[in-house]
Every structure is written in C-alpha cells, then in structure tokens.
file work-v2.cif (mmCIF, C-alpha atoms)
data_upload
loop_
_atom_site.label_atom_id
_atom_site.label_comp_id
_atom_site.auth_asym_id
_atom_site.auth_seq_id
_atom_site.Cartn_x
_atom_site.Cartn_y
_atom_site.Cartn_z
CA MET A 1 160.47 75.04 -23.34
CA ILE A 2 157.67 74.99 -20.82
CA THR A 3 159.03 74.48 -17.31
CA ALA A 4 157.27 72.78 -14.44
CA GLU A 5 157.84 71.56 -10.91
CA GLN A 6 156.24 68.63 -9.15
CA LYS A 7 153.41 69.53 -6.81
CA PRO A 8 153.80 68.76 -3.11
CA LEU A 9 153.17 65.04 -2.50
CA LYS A 10 150.47 65.91 0.02
CA GLU A 11 148.39 67.65 -2.63
CA ILE A 12 148.84 64.82 -5.13
CA ILE A 13 147.87 62.25 -2.51
CA GLU A 14 144.73 64.22 -1.67
CA TYR A 15 143.70 64.22 -5.34
CA ILE A 16 144.04 60.49 -5.82
CA SER A 17 143.06 59.20 -2.39
CA PRO A 18 139.49 58.18 -3.40
CA TYR A 19 140.78 56.00 -6.25
CA ASP A 20 142.38 52.55 -6.40
CA ARG A 21 143.52 52.40 -10.01
CA ILE A 22 145.60 55.30 -11.24
CA LEU A 23 146.92 55.93 -14.70
CA LEU A 24 150.09 57.98 -14.19
CA VAL A 25 150.99 59.70 -17.43
CA GLY A 26 154.29 61.44 -18.13
CA CYS A 27 155.39 63.41 -21.17
CA ASN A 28 158.59 63.03 -23.17
CA GLU A 29 158.86 66.69 -24.10
CA CYS A 30 159.49 69.82 -22.00
CA VAL A 31 158.76 68.26 -18.61
CA THR A 32 161.30 65.54 -19.33
CA VAL A 33 163.97 68.14 -20.07
CA CYS A 34 163.22 70.09 -16.88
CA ALA A 35 163.06 66.81 -14.92
CA ALA A 36 159.52 67.35 -13.67
CA GLY A 37 157.38 64.82 -15.49
CA GLY A 38 159.40 62.49 -17.71
CA ARG A 39 159.69 58.71 -17.50
CA LYS A 40 162.08 58.91 -14.55
CA GLU A 41 159.87 61.24 -12.53
CA VAL A 42 156.83 59.09 -13.33
CA GLY A 43 158.66 56.10 -11.83
CA LEU A 44 159.67 58.06 -8.74
CA LEU A 45 156.21 59.43 -8.11
CA ALA A 46 154.64 55.99 -8.62
CA SER A 47 157.09 54.57 -6.13
CA ALA A 48 156.34 57.31 -3.58
CA LEU A 49 152.57 56.84 -3.98
CA ASN A 50 153.00 53.09 -3.56
CA LEU A 51 154.98 53.59 -0.36
CA HIS A 52 152.31 55.93 0.93
CA SER A 53 149.43 53.58 0.21
CA LEU A 54 151.25 50.56 1.66
CA LYS A 55 151.89 52.54 4.82
CA GLN A 56 148.16 53.18 4.99
CA GLY A 57 147.63 49.43 4.70
CA ARG A 58 146.16 49.39 1.23
CA THR A 59 147.42 48.80 -2.28
CA ILE A 60 146.80 50.97 -5.27
CA ASP A 61 147.32 49.92 -8.84
CA ILE A 62 149.45 52.50 -10.63
CA LYS A 63 150.00 52.09 -14.34
CA GLU A 64 152.92 54.17 -15.59
CA ILE A 65 152.93 55.51 -19.14
CA THR A 66 155.04 58.25 -20.67
CA LEU A 67 153.68 59.65 -23.93
CA GLU A 68 155.78 61.20 -26.64
CA ARG A 69 153.77 64.44 -26.32
CA GLN A 70 150.77 64.93 -24.10
CA CYS A 71 149.62 68.10 -25.84
CA ASP A 72 148.98 66.25 -29.10
CA PRO A 73 145.71 64.34 -29.58
CA GLU A 74 147.36 61.60 -31.68
CA TYR A 75 149.67 60.63 -28.80
CA VAL A 76 146.97 60.99 -26.16
CA GLU A 77 144.98 58.48 -28.22
CA GLU A 78 147.51 55.85 -27.12
CA LEU A 79 145.85 55.80 -23.71
CA VAL A 80 142.67 54.27 -25.12
CA SER A 81 143.72 50.72 -24.31
CA GLU A 82 144.50 51.64 -20.68
CA ILE A 83 141.74 54.05 -19.84
CA ASP A 84 139.12 51.47 -18.87
CA ARG A 85 141.42 49.96 -16.28
CA ALA A 86 141.88 53.29 -14.50
CA ASP A 87 139.65 55.12 -12.04
CA ALA A 88 141.55 58.37 -12.43
CA ILE A 89 144.38 59.88 -14.45
CA LEU A 90 147.32 61.68 -12.89
CA SER A 91 149.21 63.75 -15.44
CA MET A 92 152.79 64.88 -15.06
CA ALA A 93 152.68 67.09 -18.16
CA CYS A 94 152.21 70.85 -18.31
CA GLY A 95 148.74 72.33 -18.21
CA CYS A 96 148.39 71.83 -21.98
CA GLY A 97 148.88 68.08 -21.60
CA VAL A 98 146.47 67.80 -18.68
CA GLN A 99 143.78 69.62 -20.67
CA THR A 100 144.34 67.56 -23.82
CA ILE A 101 143.74 64.40 -21.78
CA ALA A 102 140.74 65.90 -19.99
CA GLU A 103 139.20 66.85 -23.31
CA ARG A 104 139.74 63.40 -24.84
CA TYR A 105 138.73 61.25 -21.86
CA LYS A 106 135.75 63.13 -20.50
CA GLU A 107 134.50 60.25 -18.38
CA LYS A 108 137.64 60.07 -16.20
CA PRO A 109 138.84 62.59 -13.63
CA VAL A 110 142.23 64.05 -14.52
CA PHE A 111 144.56 65.60 -11.94
CA PRO A 112 147.79 67.55 -12.42
CA ALA A 113 150.91 66.30 -10.62
CA VAL A 114 153.05 69.30 -11.57
CA ASN A 115 152.75 73.06 -11.42
CA THR A 116 153.44 74.59 -14.83
CA LYS A 117 155.77 77.53 -14.32
CA PHE A 118 156.97 79.51 -17.32
CA MET A 119 158.58 79.45 -20.75
CA GLY A 120 162.22 79.20 -19.88
CA ALA A 121 165.70 78.34 -20.99
CA SER A 122 168.28 76.23 -19.26
CA GLN A 123 170.89 78.51 -17.69
CA SER A 124 173.05 75.66 -16.41
CA GLN A 125 172.31 72.13 -15.28
CA GLY A 126 169.40 72.23 -12.85
CA ILE A 127 168.67 75.94 -13.32
CA TRP A 128 165.95 77.26 -15.61
CA VAL A 129 165.16 80.93 -16.13
CA GLU A 130 162.22 82.74 -17.65
CA ARG A 131 163.04 84.11 -21.08
CA CYS A 132 159.74 84.54 -22.91
CA GLN A 133 156.20 85.51 -22.01
CA GLY A 134 154.69 84.72 -25.40
CA CYS A 135 153.61 88.33 -25.97
CA GLY A 136 152.77 87.54 -29.56
CA ASP A 137 154.77 90.42 -31.04
CA CYS A 138 158.47 89.75 -30.59
CA LEU A 139 160.71 92.72 -29.81
CA LEU A 140 164.02 90.85 -29.64
CA GLY A 141 165.16 92.26 -33.00
CA ILE A 142 165.07 95.76 -31.53
CA THR A 143 166.40 95.01 -28.06
CA GLY A 144 169.59 93.14 -28.91
CA GLY A 145 168.18 89.68 -28.27
CA ILE A 146 167.20 90.41 -24.66
CA CYS A 147 163.51 90.53 -23.87
CA PRO A 148 162.28 93.45 -21.74
CA VAL A 149 158.79 91.94 -21.53
CA ALA A 150 159.98 88.74 -19.89
CA ARG A 151 163.08 89.99 -18.09
CA CYS A 152 162.20 93.48 -16.87
CA SER A 153 160.15 93.17 -13.69
CA LYS A 154 157.98 96.07 -14.87
CA HIS A 155 157.94 95.03 -18.55
CA LEU A 156 159.24 98.50 -19.41
CA LEU A 157 159.88 99.18 -23.10
CA ASN A 158 161.94 102.37 -23.05
CA GLY A 159 164.88 102.00 -20.73
CA PRO A 160 165.27 101.16 -17.08
CA CYS A 161 163.33 102.55 -14.15
CA GLY A 162 164.87 104.22 -11.09
CA GLY A 163 165.14 100.88 -9.37
CA THR A 164 168.15 99.76 -11.36
CA SER A 165 171.42 99.65 -9.44
CA ASP A 166 174.78 98.36 -10.62
CA GLY A 167 173.06 96.38 -13.34
CA LYS A 168 170.68 94.69 -10.90
CA CYS A 169 166.95 95.03 -10.43
CA GLU A 170 165.55 96.44 -7.20
CA ILE A 171 163.38 93.38 -6.61
CA ALA A 172 166.36 91.15 -5.78
CA PRO A 173 170.14 91.43 -5.95
CA ASP A 174 170.41 88.32 -8.14
CA VAL A 175 168.02 89.62 -10.81
CA ASP A 176 169.70 91.39 -13.70
CA CYS A 177 168.24 94.67 -14.91
CA ALA A 178 167.04 93.74 -18.41
CA TRP A 179 167.61 97.27 -19.68
CA CYS A 180 171.21 97.31 -18.47
CA LEU A 181 171.75 94.06 -20.35
CA ILE A 182 170.08 95.50 -23.44
CA TRP A 183 172.22 98.65 -23.32
CA GLU A 184 175.46 96.70 -22.88
CA ARG A 185 174.53 94.37 -25.70
CA LEU A 186 173.54 97.17 -28.09
CA LYS A 187 176.79 98.96 -27.26
CA ALA A 188 178.82 95.82 -27.99
CA LEU A 189 177.03 95.50 -31.32
CA GLY A 190 177.52 99.19 -32.16
CA MET A 191 173.75 99.62 -32.30
CA GLU A 192 173.31 102.30 -29.61
CA LYS A 193 170.99 104.24 -31.95
CA ARG A 194 168.38 101.55 -31.39
CA TYR A 195 168.24 102.52 -27.72
CA GLU A 196 167.22 106.04 -28.59
CA GLU A 197 164.23 104.97 -30.64
CA ILE A 198 161.09 105.41 -28.58
CA MET A 199 158.84 102.38 -28.54
CA GLU A 200 155.15 103.09 -28.61
CA ALA A 201 152.80 101.62 -26.06
CA LYS A 202 152.71 97.89 -26.72
CA ASP A 203 149.53 96.26 -27.91
CA PHE A 204 149.00 93.49 -25.39
CA ARG A 205 146.06 91.91 -27.21
CA PRO A 206 148.35 89.37 -28.93
CA ALA A 207 149.81 88.67 -25.46
CA GLY A 208 146.51 87.26 -24.24
CA GLY A 209 144.77 90.54 -23.43
CA GLY A 210 142.32 89.77 -26.21
CA GLY A 211 141.23 86.44 -24.71
CA PRO A 212 142.50 82.88 -25.30
CA ARG A 213 144.84 82.78 -28.26
CA LYS A 214 144.73 80.51 -31.26
CA ILE A 215 146.83 79.87 -34.35
CA ILE A 216 145.13 78.65 -37.49
CA ARG A 217 147.31 77.44 -40.34
CA GLU A 218 145.01 76.68 -43.20
CA ASP A 219 147.86 75.20 -45.22
CA LEU A 220 148.30 72.56 -42.53
CA SER A 221 144.69 71.99 -41.49
CA LEU A 222 143.01 68.82 -42.70
CA MET B 1 160.98 44.68 18.20
CA GLU B 2 163.86 43.22 20.19
CA ASN B 3 164.33 40.46 17.63
CA PHE B 4 164.04 42.83 14.73
CA GLU B 5 166.77 42.21 12.18
CA PRO B 6 166.62 44.94 9.55
CA GLU B 7 167.09 44.37 5.87
CA ILE B 8 169.61 46.89 4.63
CA VAL B 9 170.65 47.53 1.07
CA ALA B 10 174.05 49.09 0.45
CA PHE B 11 174.85 50.38 -3.01
CA CYS B 12 178.63 50.18 -3.06
CA CYS B 13 180.96 51.74 -5.60
CA HIS B 14 183.26 49.21 -7.26
CA TYR B 15 186.26 51.50 -6.81
CA CYS B 16 185.97 52.19 -3.09
CA ALA B 17 183.28 50.84 -0.78
CA TYR B 18 183.01 47.46 -2.53
CA THR B 19 186.77 47.03 -2.34
CA ALA B 20 186.67 48.22 1.28
CA ALA B 21 184.06 45.53 2.00
CA ASP B 22 186.35 43.03 0.31
CA MET B 23 189.21 44.21 2.49
CA ALA B 24 187.05 43.88 5.60
CA GLY B 25 186.43 40.29 4.54
CA SER B 26 190.13 39.59 3.89
CA LYS B 27 191.00 41.00 7.30
CA ARG B 28 188.28 38.88 8.90
CA ILE B 29 186.53 41.95 10.26
CA ALA B 30 182.91 41.03 10.85
CA TYR B 31 180.05 43.29 9.83
CA PRO B 32 176.32 42.63 10.23
CA PRO B 33 174.82 40.17 7.74
CA ASN B 34 171.81 42.50 7.54
CA VAL B 35 173.71 44.55 4.97
CA LYS B 36 173.13 43.32 1.44
CA ILE B 37 175.65 44.79 -0.95
CA ILE B 38 174.87 45.78 -4.52
CA ARG B 39 178.01 46.59 -6.46
CA VAL B 40 177.71 49.54 -8.82
CA PRO B 41 180.35 50.89 -11.23
CA CYS B 42 180.05 54.32 -9.56
CA THR B 43 177.57 55.74 -7.05
CA GLY B 44 176.66 58.21 -9.82
CA LYS B 45 174.89 55.22 -11.36
CA VAL B 46 172.53 54.99 -8.38
CA ASP B 47 169.35 56.85 -9.13
CA ALA B 48 166.66 57.91 -6.66
CA ILE B 49 164.35 55.32 -8.22
CA HIS B 50 166.74 52.48 -7.26
CA ILE B 51 166.62 53.58 -3.62
CA MET B 52 162.85 53.99 -3.69
CA LYS B 53 162.39 50.54 -5.27
CA ALA B 54 164.52 49.02 -2.50
CA PHE B 55 162.13 50.52 0.07
CA GLU B 56 159.14 49.38 -1.96
CA LYS B 57 160.48 45.84 -1.89
CA GLY B 58 160.78 45.91 1.87
CA ALA B 59 164.19 47.31 2.77
CA ASP B 60 164.28 48.93 6.21
CA GLY B 61 167.27 51.07 5.36
CA VAL B 62 169.38 51.93 2.32
CA TYR B 63 172.77 53.52 2.06
CA VAL B 64 174.94 54.55 -0.80
CA ALA B 65 178.67 54.14 -0.21
CA GLY B 66 180.89 56.05 -2.58
CA CYS B 67 184.41 57.43 -2.83
CA LEU B 68 185.67 60.19 -0.59
CA GLU B 69 184.52 63.63 -1.69
CA GLY B 70 186.71 64.92 -4.49
CA ASP B 71 188.07 61.42 -5.08
CA CYS B 72 185.41 59.92 -7.37
CA HIS B 73 186.91 57.62 -9.99
CA PHE B 74 184.53 59.23 -12.50
CA LYS B 75 185.09 62.79 -11.23
CA ASN B 76 181.76 63.65 -9.61
CA GLY B 77 179.54 60.55 -9.43
CA ASN B 78 179.59 60.58 -5.63
CA THR B 79 178.44 64.21 -5.56
CA ARG B 80 175.51 63.32 -7.79
CA ALA B 81 174.73 60.37 -5.52
CA LYS B 82 174.72 62.70 -2.51
CA TYR B 83 172.09 64.92 -4.15
CA ARG B 84 169.98 61.90 -5.04
CA VAL B 85 170.12 60.61 -1.49
CA GLU B 86 168.96 64.04 -0.34
CA GLN B 87 166.16 63.89 -2.90
CA VAL B 88 164.98 60.56 -1.48
CA GLN B 89 165.29 61.90 2.06
CA LYS B 90 162.92 64.71 1.08
CA TYR B 91 160.49 62.20 -0.45
CA LEU B 92 160.58 60.07 2.70
CA THR B 93 160.03 63.11 4.92
CA ASP B 94 157.04 64.14 2.79
CA LEU B 95 155.67 60.62 3.17
CA GLY B 96 156.05 60.72 6.94
CA TRP B 97 159.00 58.28 7.02
CA GLU B 98 162.22 58.84 8.91
CA LYS B 99 164.74 60.41 6.55
CA ASP B 100 167.59 58.62 8.32
CA ARG B 101 166.53 55.39 6.68
CA VAL B 102 168.66 56.49 3.76
CA ALA B 103 172.22 57.79 3.94
CA MET B 104 175.25 58.68 1.87
CA ILE B 105 178.58 57.43 3.16
CA ASN B 106 182.04 58.14 1.76
CA MET B 107 185.12 55.99 2.09
CA SER B 108 188.21 54.89 0.21
CA ALA B 109 189.11 51.39 -0.95
CA GLY B 110 191.57 50.98 1.93
CA MET B 111 189.03 51.66 4.67
CA GLY B 112 188.00 48.08 5.47
CA GLU B 113 187.56 48.76 9.18
CA PHE B 114 185.51 51.86 8.44
CA PHE B 115 183.27 49.86 6.09
CA ALA B 116 182.57 47.34 8.84
CA SER B 117 182.03 49.96 11.56
CA THR B 118 179.74 51.97 9.28
CA ALA B 119 177.70 48.87 8.43
CA LEU B 120 177.35 48.15 12.14
CA GLU B 121 176.45 51.74 13.02
CA PHE B 122 173.87 52.03 10.22
CA THR B 123 172.33 48.69 11.20
CA GLN B 124 172.05 49.86 14.81
CA ASN B 125 170.46 53.12 13.69
CA ILE B 126 167.86 51.25 11.66
CA LYS B 127 167.20 48.90 14.57
CA GLN B 128 166.45 51.99 16.65
CA LEU B 129 164.05 53.28 14.00
CA GLY B 130 162.30 49.93 13.79
CA PRO B 131 160.92 48.10 10.76
CA SER B 132 159.99 49.95 7.61
CA PRO B 133 156.43 51.35 7.86
CA ILE B 134 155.36 49.00 5.05
CA LYS B 135 157.06 45.90 6.45
CA HIS B 136 153.82 44.20 7.41
CA PHE B 137 152.05 44.83 4.19
CA ASN B 138 153.91 44.61 0.95
CA THR B 139 152.89 44.88 -2.67
CA ASP B 140 152.14 41.18 -2.99
CA GLY B 141 150.39 41.05 0.38
CA HIS B 142 153.32 39.31 2.07
CA GLN B 143 156.18 40.48 4.16
CA THR B 144 159.06 40.47 1.77
CA ALA B 145 162.73 40.27 2.37
CA VAL B 146 165.42 41.74 0.23
CA SER B 147 167.81 39.06 -0.78
#
call {"tool": "encode", "arguments": {"input": "work-v2.cif", "output": "structure tokens"}}
result
Amino acid sequence: MITAEQKPLKEIIEYISPYDRILLVGCNECVTVCAAGGRKEVGLLASALNLHSLKQGRTIDIKEITLERQCDPEYVEELVSEIDRADAILSMACGCGVQTIAERYKEKPVFPAVNTKFMGASQSQGIWVERCQGCGDCLLGITGGICPVARCSKHLLNGPCGGTSDGKCEIAPDVDCAWCLIWERLKALGMEKRYEEIMEAKDFRPAGGGGPRKIIREDLSL
Amino acid sequence: MENFEPEIVAFCCHYCAYTAADMAGSKRIAYPPNVKIIRVPCTGKVDAIHIMKAFEKGADGVYVAGCLEGDCHFKNGNTRAKYRVEQVQKYLTDLGWEKDRVAMINMSAGMGEFFASTALEFTQNIKQLGPSPIKHFNTDGHQTAVS
C-alpha cells in the first residue's frame, strides 16, 4: 500500500488559515490502513483545527467526509454536493488523491494534510517498511522474493557492496543488507545458482526515467 | 482566576478506577466535584478523538484512569490508552496548549483513597494552569460546561 504521515499541524494551519469553510476529505484505502488519513484521523484533525481556531477567537466550519477511494473519479464525484459550501479542500489522502480532487474541482484550492511516503508493507502493528519502488520490471522472481531495488540502499543488482557487515547495511545498524537476505533465501531454497547469474544494467525507463508513467488497458477502457 | 472551578472529565475503567471511585464513595472519602466520571469498559476503548472532543466541548482537563500496568482486565487496553494520551499530549503541544491538561493514571479497584487524592491533585494542577484556552469562546458562541 501507499504509506503516509500527517503533516505538522503548523503547516496545515498555515494552508487553511485564510479560509472559514473547510472540506476535510479522508480516504478509506491505504491511508486508513497506515492510520494517516482515514475516518478516525479526519475526526482528530478536525478536532485539532477546531481547538486552534477557537483559541484564536474564531470559528471555522469543517465538514468531514471520508471517501471510499480518493484516487478514483467516481468516488471524488461524491463531493459535488458539498463543494459549494467549502472555501477550500484539505485532503488526507496520498498525493494521487489530492491530485484527483484538484483535477475535478478546479475552482477550489486543495491542500495536502499528509506527506506521502512510500510503497510499503506492514512489518508489525504501527511499523511500515518500504518494499517496492515500482520499477516497472519486477526482479523478485530472480532474487528470492527480496527486492534489491527497494531494499538495497544503492539499488545494486549483482551482490552486496563493501559496506555490508554482519548482514547489516553500512547506512544504519538496523537496516538489513538486501543482498545478504537474498543470498540466505536463495540458499534456503537451494537456488544458489541464481546468485551467480549476472544481471545486466537495469533499464530504468519503466521506473519513471522515461517520464510520467501510464497504463492503458484497452479491454477495460470505455 | 481565584474562583475558577475547572471542568474535568475522567474516563474510568469499569474494572479498576470506576470501582475505586465507588469505594471512595462508600468510605465517604471526598473528592472534588469538578471531576465528571465517564465509565468505560476498558481504557483501551478511549480513543484520542474522545479526549479531543471533551476539550472541544469545554473541558479544562481530561484524564484516563485505567488498571495498573500489566494488570489490564483485557490484557493491554491500558497500554493502548497510555499511547493515545501521549498522542493527544503531542497534539496539544503542537496547538500551543499545556500538555498536562491530559494525563494517564493507573490504579487498582481497591485504591479508593488514591482515586480521591488523584482527583484532588489533578484538579489542583488544572486550577494552576487556568481555564482551557477556548473557555471563553466555544463552538456555539457560549461558554459551555461539561455535564
């Protein structure tokens, strides 16, 4: 999923300070799972913004809505009935959601309330770790299910660098060396031969090096 | 300020603090009437939003009273409550409020005296801090009381 973290309150307050009527929009997908922008977080942020404005001696009207998916135009359409009553929109979705709203409601300013972080997996409750960089050409079948693009600090494709030590990366003692993990995994699977195969230089155009990416499925397009 | 009587909301666990409050009552131990108790099945049920809403509605202080650490009737509800209280403290700090307006307190069902002394101590602390920064201007334009 896409992970995110709430922006500092100060920054959010600066964004919305010129406005009296705010439409605060959460998303029921990834940001709900990583507890950054779901219904609960929308309620908390609305409450905090209310407390702030009351302390300043003014009231702001905050309408809370949490959409099923903010990155889908059909769900964003649900805001039509509320949009006229808002001076600005504050989105708690990832950058995709913020942009979908901005594209649909061009006449209203849209501000992000979260910082979108990375594509991650839940390691344990409250901890999310980066597992994919969306390189567009998945190598996991060759590397024992452990991604060197996302998990090696240097994105190396042919074994570890000299910075590996006791299975840890030189950048921090709590970061695993992806290539140590790959080797151990391949060994456990009896697939050591895979390690010896030299990978050619990776084409990073599908990873975004060729400009903004797009998927077109003609069988699904209307 | 001298006549300031704070409104305090106490979320009390049914299995400990609420029973302790009951015991304080049975033993005729007085505690400040400023403390308004909300009984919850476990402090793990208290979410940050409940605490924030109490402040929004005019509470000057809020505390969550749960079982002693390691003694939660539902295993770890009080630990969760502790983290949520810390989360609200961070929110309050970011908003320029005093973080001590919210606290987590642990006690067992037999600690009637402790319940009363804690209620008194917390009330005195809030009196020192003064009224909530939004006391004079609430959502409906009036000073509201929590009752």
call {"tool": "resolve_selection", "arguments": {"input": "work-v2.cif", "expression": "the PyMOL selection byres ((chain A and resi 167-182) around 12)", "output": "MDAnalysis selection string"}}
result
chainID A and resid 129:131 139:166 183:189 191:192 194:195
call {"tool": "residues_near_point", "arguments": {"input": "work-v2.cif", "point": "(150.9, 65.3, -14.4)", "cutoff": "6 Å", "atoms": "all atoms listed in the file", "output": "mmCIF file with C-alpha atoms, keeping the file's coordinate frame"}}
result
data_model
loop_
_atom_site.group_PDB
_atom_site.id
_atom_site.type_symbol
_atom_site.label_atom_id
_atom_site.label_comp_id
_atom_site.auth_asym_id
_atom_site.auth_seq_id
_atom_site.Cartn_x
_atom_site.Cartn_y
_atom_site.Cartn_z
ATOM 1 C CA LEU A 90 147.320 61.680 -12.890
ATOM 2 C CA SER A 91 149.210 63.750 -15.440
ATOM 3 C CA MET A 92 152.790 64.880 -15.060
ATOM 4 C CA ALA A 93 152.680 67.090 -18.160
ATOM 5 C CA PRO A 112 147.790 67.550 -12.420
ATOM 6 C CA ALA A 113 150.910 66.300 -10.620
ATOM 7 C CA VAL A 114 153.050 69.300 -11.570
#
call {"tool": "closest_residue", "arguments": {"input": "work-v2.cif", "among": "A:Ala4, A:Leu51, A:Ala86, A:Val33", "to": "Ala54 in chain B", "atoms": "all atoms listed in the file"}}
result
A:Leu51
call {"tool": "resolve_selection", "arguments": {"input": "work-v2.cif", "expression": "the PyMOL selection byres ((chain A) within 6 of (chain B))", "output": "number ranges by chain"}}
result
A: 44, 54-55
call {"tool": "closest_residue", "arguments": {"input": "work-v2.cif", "among": "B:Val9, B:Ala65, B:Leu120, B:Met104", "to": "Lys36 in chain B", "atoms": "all atoms listed in the file"}}
result
B:Val9
call {"tool": "resolve_selection", "arguments": {"input": "work-v2.cif", "expression": "the PyMOL selection byres ((chain B and resi 37) around 9)", "output": "list in words"}}
result
Ile8, Val9, Ala10, Phe11, Cys12, Tyr18, Ala21, Val35, Lys36, Ile38 and Arg39 of chain B
call {"tool": "closest_residue", "arguments": {"input": "work-v2.cif", "among": "B:Pro131, B:Gly61, B:Gly66, B:Gly25", "to": "Lys45 in chain B", "atoms": "all atoms listed in the file"}}
result
B:Gly66
call {"tool": "residues_around", "arguments": {"input": "work-v2.cif", "residues": "range 111-114 of chain B", "least_positions_apart": "3", "cutoff": "6 Å", "atoms": "all atoms listed in the file", "output": "list in words"}}
result
Ala20, Ala21, Met23, Ala24, Ser108, Ser117 and Thr118 of chain B
call {"tool": "residues_around", "arguments": {"input": "work-v2.cif", "residues": "range 120-124 of chain A", "least_positions_apart": "3", "cutoff": "9 Å", "atoms": "all atoms listed in the file", "output": "list in words"}}
result
Met1, Ile2, Thr3, Cys34, Lys117, Ile127, Trp128, Val129, Glu130, Arg131, Cys132 and Gln133 of chain A
call {"tool": "closest_residue", "arguments": {"input": "work-v2.cif", "among": "B:Cys72, B:Lys99, B:Ser26, B:Gly110", "to": "Ile126 in chain B", "atoms": "all atoms listed in the file"}}
result
B:Lys99
call {"tool": "atom_distance", "arguments": {"input": "work-v2.cif", "atom1": "CA of Cys94 in chain A", "atom2": "CA of Cys71 in chain A"}}
result
8.4 Å
call {"tool": "decode", "arguments": {"input": "work-v2.cif", "residues": "range 7-33 of chain A", "atoms": "C-alpha atoms", "output": "tab-separated table (two decimals), in the first residue's frame"}}
result
chain	number	residue	atom	x	y	z
A	7	LYS	CA	2.00	16.86	8.08
A	8	PRO	CA	2.95	19.04	11.05
A	9	LEU	CA	-0.14	20.86	12.34
A	10	LYS	CA	1.63	24.19	11.89
A	11	GLU	CA	1.93	23.65	8.15
A	12	ILE	CA	-1.70	22.53	7.80
A	13	ILE	CA	-2.89	25.54	9.79
A	14	GLU	CA	-0.89	27.87	7.55
A	15	TYR	CA	-2.55	26.38	4.46
A	16	ILE	CA	-6.09	26.81	5.68
A	17	SER	CA	-5.79	29.99	7.74
A	18	PRO	CA	-7.31	32.29	5.06
A	19	TYR	CA	-10.46	30.16	4.82
A	20	ASP	CA	-13.55	29.79	7.01
A	21	ARG	CA	-15.21	26.76	5.46
A	22	ILE	CA	-13.06	23.69	5.01
A	23	LEU	CA	-13.96	20.42	3.40
A	24	LEU	CA	-11.75	17.84	5.12
A	25	VAL	CA	-11.59	14.72	2.99
A	26	GLY	CA	-10.19	11.38	4.12
A	27	CYS	CA	-9.71	8.18	2.16
A	28	ASN	CA	-10.78	4.67	3.12
A	29	GLU	CA	-7.90	2.93	1.39
A	30	CYS	CA	-4.14	2.93	2.08
A	31	VAL	CA	-4.08	5.96	4.37
A	32	THR	CA	-6.73	4.35	6.55
A	33	VAL	CA	-4.60	1.22	6.93
